[in-house]
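> For reference, the structure I am asking about is given below.
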Amino acid sequence: MGAINFTNALGIHDNAMQLRAQRAEVLANNLANADTPGFKARDFDFKAILEAETHSNTSFGMAATHSAHLSGTSGFADDELKYRNPLQPSIDGNTVDAQTEQALFARNSMDYNASFEFLSGRFKGMRNAIRGE
């Protein structure tokens with residue numbers, strides 16, 4: 001009987017959830033600074049980062065220094081944050097469009113919940129397999 005390989009068992013959903021959580025932070029920061037003069041809205045290309053992660057065998061950045069450590073992730077580098085092109089920039093130089101940011105935040109939240117449900121189903125399936133059900 002072989003060991004359980006979580007990477008194969010969980011697919012990309014654990015990485016996707018971590019990236020979605022980090023994207024939520026970026027979008028929330030944009031919304032929090034919607035009235036800050038000169039603030040530039042930022043975001044990152046979720047699909048490109050996730051695709052790069054699925055094609056590489058490395059973690060998102062953190063390395064375990066001891067065999068008992070869990071692998072951690074840091075998601076994306078700051079240089080992967082891009083400035084959003086504003087549809088209608090304000091006079092004070094702020095490029096945050098609150099409605100766009102709210103829509104992106106809501107979509108990101110739904111995608112996060114979908115990945116959570118997929119992971120929950122995978123864990124239930126693994127638990128049932130271990131129990132022999």
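Order determines the names: the first chain of the structure tokens is A, the second B, and so forth; residues in each chain are numbered 1 upward, and ligands are numbered 1 upward as they are shown.
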Please identify all polymer residues within 12 Å of Tyr83 of chain A, counting only C-alpha atoms, omitting same-chain residues fewer than 2 positions from it, and present them as a ChimeraX atom specification.

/A:26-27,30,39-45,78-81,85-86,94-96

> Please produce a file of the residues just selected, as a JSON list (two decimals), in the first residue's frame, where the atoms kept are C-alpha atoms.


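Listed below is the output, again25.json:
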```json
[["chain", "number", "residue", "atom", "x", "y", "z"],
["A", 26, "VAL", "CA", -4.80, 43.02, -3.06],
["A", 27, "LEU", "CA", -8.36, 43.83, -4.13],
["A", 30, "ASN", "CA", -7.50, 48.73, -3.66],
["A", 39, "PHE", "CA", -3.26, 55.66, -5.36],
["A", 40, "LYS", "CA", -2.85, 53.25, -8.28],
["A", 41, "ALA", "CA", -5.05, 50.13, -8.33],
["A", 42, "ARG", "CA", -3.05, 46.90, -8.56],
["A", 43, "ASP", "CA", -3.78, 43.28, -9.36],
["A", 44, "PHE", "CA", -1.96, 40.19, -10.59],
["A", 45, "ASP", "CA", -2.60, 37.72, -13.37],
["A", 78, "ASP", "CA", 5.65, 41.96, -5.60],
["A", 79, "ASP", "CA", 7.01, 42.43, -9.10],
["A", 80, "GLU", "CA", 4.10, 40.33, -10.40],
["A", 81, "LEU", "CA", 1.63, 42.96, -9.17],
["A", 85, "ASN", "CA", -5.53, 50.49, -16.51],
["A", 86, "PRO", "CA", -8.31, 52.80, -15.35],
["A", 94, "ASN", "CA", -6.45, 57.70, -8.16],
["A", 95, "THR", "CA", -7.13, 54.79, -10.54],
["A", 96, "VAL", "CA", -9.42, 52.73, -8.30]]
```

> If we count only C-alpha atoms and set the cut-off at 12 Å, which residues sit around Arg107 of chain A, ignoring sequence neighbours fewer than 4 positions away in its own chain? Please answer as a PyMOL selection string.

chain A and resi 20+23-24+27+100-103+111-114

> Can you tell me how far atom CA of Ala129 of chain A sits from atom CA of Asn15 of chain A, in Å to one decimal?

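Atom CA of Asn15 of chain A lies 23.3 Å from atom CA of Ala129 of chain A.
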
> Kindly indicate which residue among A:Glu133, A:Ala98, A:Gly121, A:Gly93 lies nearest to Ala32 of chain A, using only C-alpha atoms for the distances.

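Ranking A:Glu133, A:Ala98, A:Gly121, A:Gly93 by distance to Ala32 of chain A, first place goes to A:Ala98.
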
> Between atom CA of Ser115 of chain A and atom CA of Gln18 of chain A, what distance in Å does the model show, to one decimal?

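One can read the atom CA of Ser115 of chain A to atom CA of Gln18 of chain A distance as 9.9 Å.
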
> Tell me, which residues of segment 13-59 of chain A carry DSSP alpha helix (DSSP H), written as a ChimeraX atom specification?

/A:13-32,46-55

> Go through A:Glu53, A:Phe123, A:Pro37, A:Leu31 and flag the residue nearest Leu19 of chain A, using only C-alpha atoms for the distances.

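Residue with the minimum atom-to-atom distance to Leu19 of chain A: A:Glu53.
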
> Could you state the separation of atom CA of His13 of chain A and atom CA of Arg131 of chain A in Å, given to one decimal place?

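So the answer is 23.5 Å.
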
> Considering only C-alpha atoms, state which residue in the set A:Lys82, A:Glu25, A:Ile12, A:Ile91 is at the smallest distance from Gly38 of chain A.

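Result for the nearest residue to Gly38 of chain A: A:Ile91.
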